[in-house]
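Below is model-v4.cif, which holds mmCIF, C-alpha atoms.
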```cif
data_target
#
loop_
_atom_site.group_PDB
_atom_site.id
_atom_site.type_symbol
_atom_site.label_atom_id
_atom_site.label_comp_id
_atom_site.auth_asym_id
_atom_site.auth_seq_id
_atom_site.Cartn_x
_atom_site.Cartn_y
_atom_site.Cartn_z
ATOM 1 C CA MET Y 1 0.000 0.000 0.000
ATOM 2 C CA LEU Y 2 2.795 2.371 0.948
ATOM 3 C CA ALA Y 3 4.696 1.614 -2.276
ATOM 4 C CA ASN Y 4 1.557 2.387 -4.250
ATOM 5 C CA ILE Y 5 1.140 5.824 -2.643
ATOM 6 C CA TYR Y 6 4.863 6.588 -2.879
ATOM 7 C CA LEU Y 7 5.073 5.706 -6.572
ATOM 8 C CA HIS Y 8 1.915 7.642 -7.355
ATOM 9 C CA TYR Y 9 3.796 10.867 -6.666
ATOM 10 C CA THR Y 10 7.293 9.691 -7.604
ATOM 11 C CA LEU Y 11 6.376 8.090 -10.915
ATOM 12 C CA ASP Y 12 2.755 8.440 -12.069
ATOM 13 C CA LEU Y 13 2.241 12.177 -11.687
ATOM 14 C CA TRP Y 14 5.803 12.956 -12.769
ATOM 15 C CA PHE Y 15 5.293 10.918 -15.944
ATOM 16 C CA GLN Y 16 1.976 12.664 -16.729
ATOM 17 C CA LYS Y 17 3.178 16.213 -16.046
ATOM 18 C CA LYS Y 18 6.860 16.189 -17.061
ATOM 19 C CA ILE Y 19 7.696 13.277 -19.355
ATOM 20 C CA ARG Y 20 4.644 12.772 -21.565
ATOM 21 C CA PRO Y 21 4.465 16.411 -22.777
ATOM 22 C CA ARG Y 22 8.144 16.241 -23.872
ATOM 23 C CA CYS Y 23 7.745 13.103 -25.968
ATOM 24 C CA ARG Y 24 7.631 13.408 -29.750
ATOM 25 C CA GLY Y 25 5.233 10.464 -30.083
ATOM 26 C CA GLU Y 26 2.833 8.382 -28.025
ATOM 27 C CA ALA Y 27 3.829 7.417 -24.472
ATOM 28 C CA TYR Y 28 1.990 5.257 -21.931
ATOM 29 C CA LEU Y 29 2.660 4.101 -18.379
ATOM 30 C CA VAL Y 30 0.990 1.002 -16.919
ATOM 31 C CA ARG Y 31 1.698 0.344 -13.253
ATOM 32 C CA PHE Y 32 0.483 -2.152 -10.679
ATOM 33 C CA VAL Y 33 1.878 -1.547 -7.180
ATOM 34 C CA ASP Y 34 5.663 -1.528 -7.779
ATOM 35 C CA ASP Y 35 5.739 -3.151 -11.241
ATOM 36 C CA PHE Y 36 5.399 -0.967 -14.289
ATOM 37 C CA VAL Y 37 5.796 -0.980 -18.057
ATOM 38 C CA VAL Y 38 6.305 2.171 -20.094
ATOM 39 C CA SER Y 39 5.840 2.218 -23.851
ATOM 40 C CA PHE Y 40 7.025 4.827 -26.323
ATOM 41 C CA GLN Y 41 6.512 5.316 -30.007
ATOM 42 C CA TYR Y 42 10.101 6.496 -30.573
ATOM 43 C CA GLN Y 43 13.311 4.970 -29.257
ATOM 44 C CA ARG Y 44 14.827 8.365 -28.478
ATOM 45 C CA ASP Y 45 11.937 9.118 -26.084
ATOM 46 C CA ALA Y 46 12.456 5.768 -24.349
ATOM 47 C CA GLU Y 47 16.194 6.320 -23.903
ATOM 48 C CA ASP Y 48 15.613 9.838 -22.559
ATOM 49 C CA PHE Y 49 12.989 8.518 -20.122
ATOM 50 C CA GLN Y 50 15.274 5.753 -18.869
ATOM 51 C CA LYS Y 51 18.006 8.298 -18.088
ATOM 52 C CA ARG Y 52 15.581 10.684 -16.369
ATOM 53 C CA LEU Y 53 13.939 7.850 -14.445
ATOM 54 C CA ARG Y 54 17.248 6.772 -12.904
ATOM 55 C CA GLU Y 55 17.893 10.367 -11.843
ATOM 56 C CA ARG Y 56 14.354 10.713 -10.463
ATOM 57 C CA PHE Y 57 14.546 7.491 -8.485
ATOM 58 C CA ALA Y 58 17.969 8.450 -7.099
ATOM 59 C CA ARG Y 59 16.438 11.654 -5.680
ATOM 60 C CA PHE Y 60 13.985 9.516 -3.708
ATOM 61 C CA ASN Y 61 16.557 6.842 -2.712
ATOM 62 C CA LEU Y 62 15.000 4.262 -5.031
ATOM 63 C CA GLU Y 63 16.723 2.157 -7.652
ATOM 64 C CA LEU Y 64 15.646 0.118 -10.652
ATOM 65 C CA SER Y 65 16.309 -3.589 -10.760
ATOM 66 C CA GLU Y 66 18.973 -3.990 -13.445
ATOM 67 C CA ASP Y 67 17.724 -7.414 -14.543
ATOM 68 C CA LYS Y 68 14.182 -6.088 -15.085
ATOM 69 C CA ALA Y 69 14.813 -2.578 -16.422
ATOM 70 C CA ARG Y 70 15.496 -2.867 -20.136
ATOM 71 C CA LEU Y 71 14.626 -1.310 -23.455
ATOM 72 C CA LEU Y 72 13.151 -3.598 -26.048
ATOM 73 C CA LEU Y 73 11.573 -3.293 -29.450
ATOM 74 C CA PHE Y 74 7.973 -4.434 -29.113
ATOM 75 C CA GLY Y 75 4.893 -3.809 -31.166
ATOM 76 C CA ARG Y 76 3.399 -3.972 -34.612
ATOM 77 C CA PHE Y 77 6.656 -3.506 -36.526
ATOM 78 C CA ALA Y 78 9.039 -5.257 -34.121
ATOM 79 C CA ALA Y 79 8.942 -8.586 -35.969
ATOM 80 C CA GLN Y 80 9.776 -6.970 -39.329
ATOM 81 C CA ARG Y 81 12.603 -4.850 -37.920
ATOM 82 C CA ARG Y 82 14.204 -7.668 -35.936
ATOM 83 C CA ALA Y 83 13.826 -10.092 -38.868
ATOM 84 C CA GLN Y 84 16.178 -7.841 -40.861
ATOM 85 C CA PHE Y 85 18.903 -8.870 -38.405
ATOM 86 C CA GLY Y 86 17.830 -12.511 -38.227
ATOM 87 C CA GLN Y 87 16.259 -12.122 -34.781
ATOM 88 C CA ARG Y 88 12.843 -12.901 -33.332
ATOM 89 C CA PRO Y 89 10.717 -10.273 -31.575
ATOM 90 C CA GLN Y 90 11.428 -9.858 -27.883
ATOM 91 C CA SER Y 91 8.924 -10.571 -25.136
ATOM 92 C CA PHE Y 92 8.483 -9.446 -21.547
ATOM 93 C CA GLU Y 93 6.780 -10.660 -18.389
ATOM 94 C CA PHE Y 94 4.360 -8.445 -16.505
ATOM 95 C CA LEU Y 95 1.792 -9.383 -13.847
ATOM 96 C CA GLY Y 96 2.198 -13.136 -14.302
ATOM 97 C CA PHE Y 97 1.928 -13.146 -18.086
ATOM 98 C CA LYS Y 98 4.490 -13.337 -20.849
ATOM 99 C CA HIS Y 99 3.615 -10.720 -23.486
ATOM 100 C CA VAL Y 100 4.594 -11.740 -27.014
ATOM 101 C CA CYS Y 101 4.192 -10.067 -30.423
ATOM 102 C CA GLY Y 102 1.885 -12.118 -32.611
ATOM 103 C CA VAL Y 103 -0.953 -12.015 -35.098
ATOM 104 C CA ASP Y 104 -4.667 -12.675 -34.693
ATOM 105 C CA ARG Y 105 -6.802 -14.881 -36.916
ATOM 106 C CA GLY Y 106 -7.241 -12.032 -39.380
ATOM 107 C CA GLY Y 107 -3.469 -11.630 -39.770
ATOM 108 C CA ARG Y 108 -3.325 -8.334 -37.845
ATOM 109 C CA PHE Y 109 -0.859 -7.549 -35.057
ATOM 110 C CA ALA Y 110 -1.917 -8.717 -31.601
ATOM 111 C CA VAL Y 111 -0.274 -8.860 -28.197
ATOM 112 C CA ILE Y 112 -0.461 -12.457 -27.062
ATOM 113 C CA ARG Y 113 -0.482 -13.060 -23.327
ATOM 114 C CA LEU Y 114 0.648 -16.453 -22.080
ATOM 115 C CA PRO Y 115 0.862 -17.484 -18.424
ATOM 116 C CA SER Y 116 4.447 -17.144 -17.260
ATOM 117 C CA THR Y 117 6.397 -20.230 -16.241
ATOM 118 C CA LYS Y 118 6.354 -19.031 -12.641
ATOM 119 C CA SER Y 119 2.555 -18.676 -12.529
ATOM 120 C CA CYS Y 120 2.113 -22.116 -14.150
ATOM 121 C CA ARG Y 121 4.370 -23.658 -11.490
ATOM 122 C CA LYS Y 122 2.318 -21.980 -8.760
ATOM 123 C CA PHE Y 123 -0.886 -23.294 -10.318
ATOM 124 C CA LEU Y 124 0.465 -26.839 -10.557
ATOM 125 C CA ALA Y 125 1.611 -26.649 -6.926
ATOM 126 C CA ARG Y 126 -1.928 -25.597 -5.930
ATOM 127 C CA VAL Y 127 -3.366 -28.509 -7.930
ATOM 128 C CA HIS Y 128 -1.007 -30.952 -6.221
ATOM 129 C CA GLU Y 129 -1.850 -29.542 -2.785
ATOM 130 C CA TRP Y 130 -5.561 -29.752 -3.542
ATOM 131 C CA LEU Y 131 -5.287 -33.357 -4.751
ATOM 132 C CA VAL Y 132 -3.423 -34.406 -1.624
ATOM 133 C CA GLY Y 133 -6.140 -32.837 0.514
ATOM 134 C CA HIS Y 134 -8.968 -34.411 -1.487
ATOM 135 C CA MET Y 135 -7.735 -37.977 -2.054
ATOM 136 C CA HIS Y 136 -10.910 -39.294 -0.471
ATOM 137 C CA TRP Y 137 -13.081 -37.818 -3.266
ATOM 138 C CA ARG Y 138 -14.170 -40.017 -6.136
ATOM 139 C CA ARG Y 139 -11.933 -39.618 -9.151
ATOM 140 C CA ARG Y 140 -14.802 -38.354 -11.318
ATOM 141 C CA ASP Y 141 -15.522 -35.555 -8.816
ATOM 142 C CA GLN Y 142 -11.840 -34.664 -8.614
ATOM 143 C CA GLN Y 143 -11.588 -34.414 -12.390
ATOM 144 C CA ALA Y 144 -14.671 -32.199 -12.603
ATOM 145 C CA HIS Y 145 -13.278 -29.865 -9.958
ATOM 146 C CA LEU Y 146 -9.820 -29.803 -11.558
ATOM 147 C CA ARG Y 147 -11.369 -28.864 -14.909
ATOM 148 C CA THR Y 148 -12.923 -25.802 -13.287
ATOM 149 C CA MET Y 149 -9.576 -24.959 -11.659
ATOM 150 C CA ALA Y 150 -7.883 -25.258 -15.054
ATOM 151 C CA MET Y 151 -10.309 -22.757 -16.612
ATOM 152 C CA SER Y 152 -8.396 -19.998 -14.830
ATOM 153 C CA GLN Y 153 -5.390 -20.748 -17.042
ATOM 154 C CA THR Y 154 -5.161 -19.461 -20.608
ATOM 155 C CA SER Y 155 -6.694 -21.863 -23.129
ATOM 156 C CA LEU Y 156 -3.616 -21.563 -25.346
ATOM 157 C CA GLU Y 157 -1.452 -22.841 -22.535
ATOM 158 C CA LEU Y 158 -3.855 -25.677 -21.746
ATOM 159 C CA GLU Y 159 -3.740 -26.799 -25.359
ATOM 160 C CA GLY Y 160 0.069 -26.870 -25.284
ATOM 161 C CA GLY Y 161 1.622 -30.225 -24.528
ATOM 162 C CA GLY Y 162 3.739 -29.125 -21.569
ATOM 163 C CA PHE Y 163 1.023 -27.912 -19.244
ATOM 164 C CA ARG Y 164 -1.499 -30.596 -20.105
ATOM 165 C CA SER Y 165 1.035 -33.417 -19.725
ATOM 166 C CA GLU Y 166 2.241 -32.024 -16.384
ATOM 167 C CA PHE Y 167 -1.362 -31.751 -15.190
ATOM 168 C CA ALA Y 168 -2.020 -35.376 -16.237
ATOM 169 C CA ARG Y 169 1.210 -36.529 -14.563
ATOM 170 C CA ILE Y 170 0.149 -34.995 -11.224
ATOM 171 C CA GLU Y 171 -3.335 -36.476 -11.518
ATOM 172 C CA LEU Y 172 -1.926 -39.940 -12.336
ATOM 173 C CA ALA Y 173 0.563 -39.798 -9.463
ATOM 174 C CA GLU Y 174 -2.237 -38.936 -7.053
ATOM 175 C CA ALA Y 175 -4.397 -41.756 -8.407
ATOM 176 C CA GLU Y 176 -1.538 -44.257 -7.927
ATOM 177 C CA THR Y 177 -0.977 -42.977 -4.388
ATOM 178 C CA ARG Y 178 -4.652 -43.504 -3.677
ATOM 179 C CA ASN Y 179 -4.711 -46.985 -5.248
ATOM 180 C CA PRO Y 180 -1.235 -48.592 -5.357
ATOM 181 C CA GLU Y 181 -2.464 -51.961 -6.751
ATOM 182 C CA GLY Y 182 -3.113 -50.339 -10.107
ATOM 183 C CA ASN Y 183 -6.870 -50.995 -10.199
ATOM 184 C CA ARG Y 184 -7.833 -47.611 -11.655
ATOM 185 C CA HIS Y 185 -11.567 -48.359 -11.873
ATOM 186 C CA GLU Y 186 -12.080 -48.640 -8.135
ATOM 187 C CA GLY Y 187 -13.813 -45.602 -6.669
ATOM 188 C CA LEU Y 188 -15.324 -44.418 -9.966
#
```
Before we go any further, please render this structure as structure tokens.
Amino acid sequence: MLANIYLHYTLDLWFQKKIRPRCRGEAYLVRFVDDFVVSFQYQRDAEDFQKRLRERFARFNLELSEDKARLLLFGRFAAQRRAQFGQRPQSFEFLGFKHVCGVDRGGRFAVIRLPSTKSCRKFLARVHEWLVGHMHWRRRDQQAHLRTMAMSQTSLELEGGGFRSEFARIELAEAETRNPEGNRHEGL
């Protein structure tokens, strides 16, 4: 709560009043508590902001995390520009999602949000914990409940082999713990 109030004055208002009017192009700030992403239309504006931000934070005895603070080319033309150098578009993680440049079904640019590896691990840990606590339920009831739990994850990630196979592995391990003789039909 305190970080939110502190950054409101240190970052949000400063960005609106001082930085945005100086930019040659579009500029946006998205912040949630102490995590934020700033987007600029022109690279020069982004580089100028990064320099000013370090100075601003130093005045308030704050510092940016070096491993998280970076400039990257992201957006509608990022894939074309990076392809000229044989590179793929960059991505970034924000609020539990990996944001990737992509295209929609109509072939237009779209920001694709995939659950980050960290949030998927947390989800799978919750599933495992839930299964351990509900071993006494019938398998059919467990599966129905787990399907509703899985709805909170992105459908793209559920369709991918990694998440689905990990989910099935946990479910199978719990079933074998519940019934070590291998008779899977018992309790259905």
Identify which of the residues Y:Leu7, Y:Gly96, Y:Ser91, Y:Gln16 lies closest to Phe57 of chain Y, counting all atoms listed in the file when measuring atom-to-atom distances.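 Nearest candidate to Phe57 of chain Y out of Y:Leu7, Y:Gly96, Y:Ser91, Y:Gln16: Y:Leu7.
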Apply the PyMOL selection byres ((chain Y and resi 94) around 9) to the structure shown and report the selected residues as number ranges by chain. Y: 35-37, 92-93, 95-99, 116
In Å, with one decimal, what is the gap from atom CA of His134 of chain Y to atom CA of Pro115 of chain Y? 25.9 Å
Looking at Y:Trp14, Y:Phe49, Y:Phe74, Y:Phe85, which one is nearest to Val100 of chain Y, with distances taken over only C-alpha atoms?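 Closest to Val100 of chain Y of all the choices is Y:Phe74.
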Expressed in Å to a single decimal, how great is the separation between atom CA of Arg59 of chain Y and atom CA of Asn4 of chain Y?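 Distance reported for this atom pair: 17.6 Å.
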Between atom CA of Ser65 of chain Y and atom CA of Ala79 of chain Y, what is the spacing in Å?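 Computed distance, atom CA of Ala79 of chain Y to atom CA of Ser65 of chain Y, equals 26.7 Å.
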I would like the residues chosen by the PyMOL selection byres ((chain Y and resi 38) around 8) on the shown file; could you give them as a VMD selection string? chain Y and resid 27 to 30 36 to 37 39 to 40
Can you report as lines of an AutoDock Vina configuration file the centre and edge lengths in Å, to one decimal, of an axis-aligned box around the listed atoms of segment 18-30 of chain Y padded with 6 Å on each side?
```
center_x = 4.6
center_y = 8.7
center_z = -23.5
size_x = 19.2
size_y = 27.4
size_z = 25.2
```
Enumerate, as a PyMOL selection string, the residues matched when the PyMOL selection byres ((chain Y and resi 50) around 12) is run on the file above. chain Y and resi 15+19+37-40+43-49+51-57+63-64+66+69-72
Here is a test: counting all atoms listed in the file, which residue of Y:Arg138, Y:Leu73, Y:Arg147, Y:Leu131 is nearest to Gln87 of chain Y?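 Nearest to Gln87 of chain Y: Y:Leu73.
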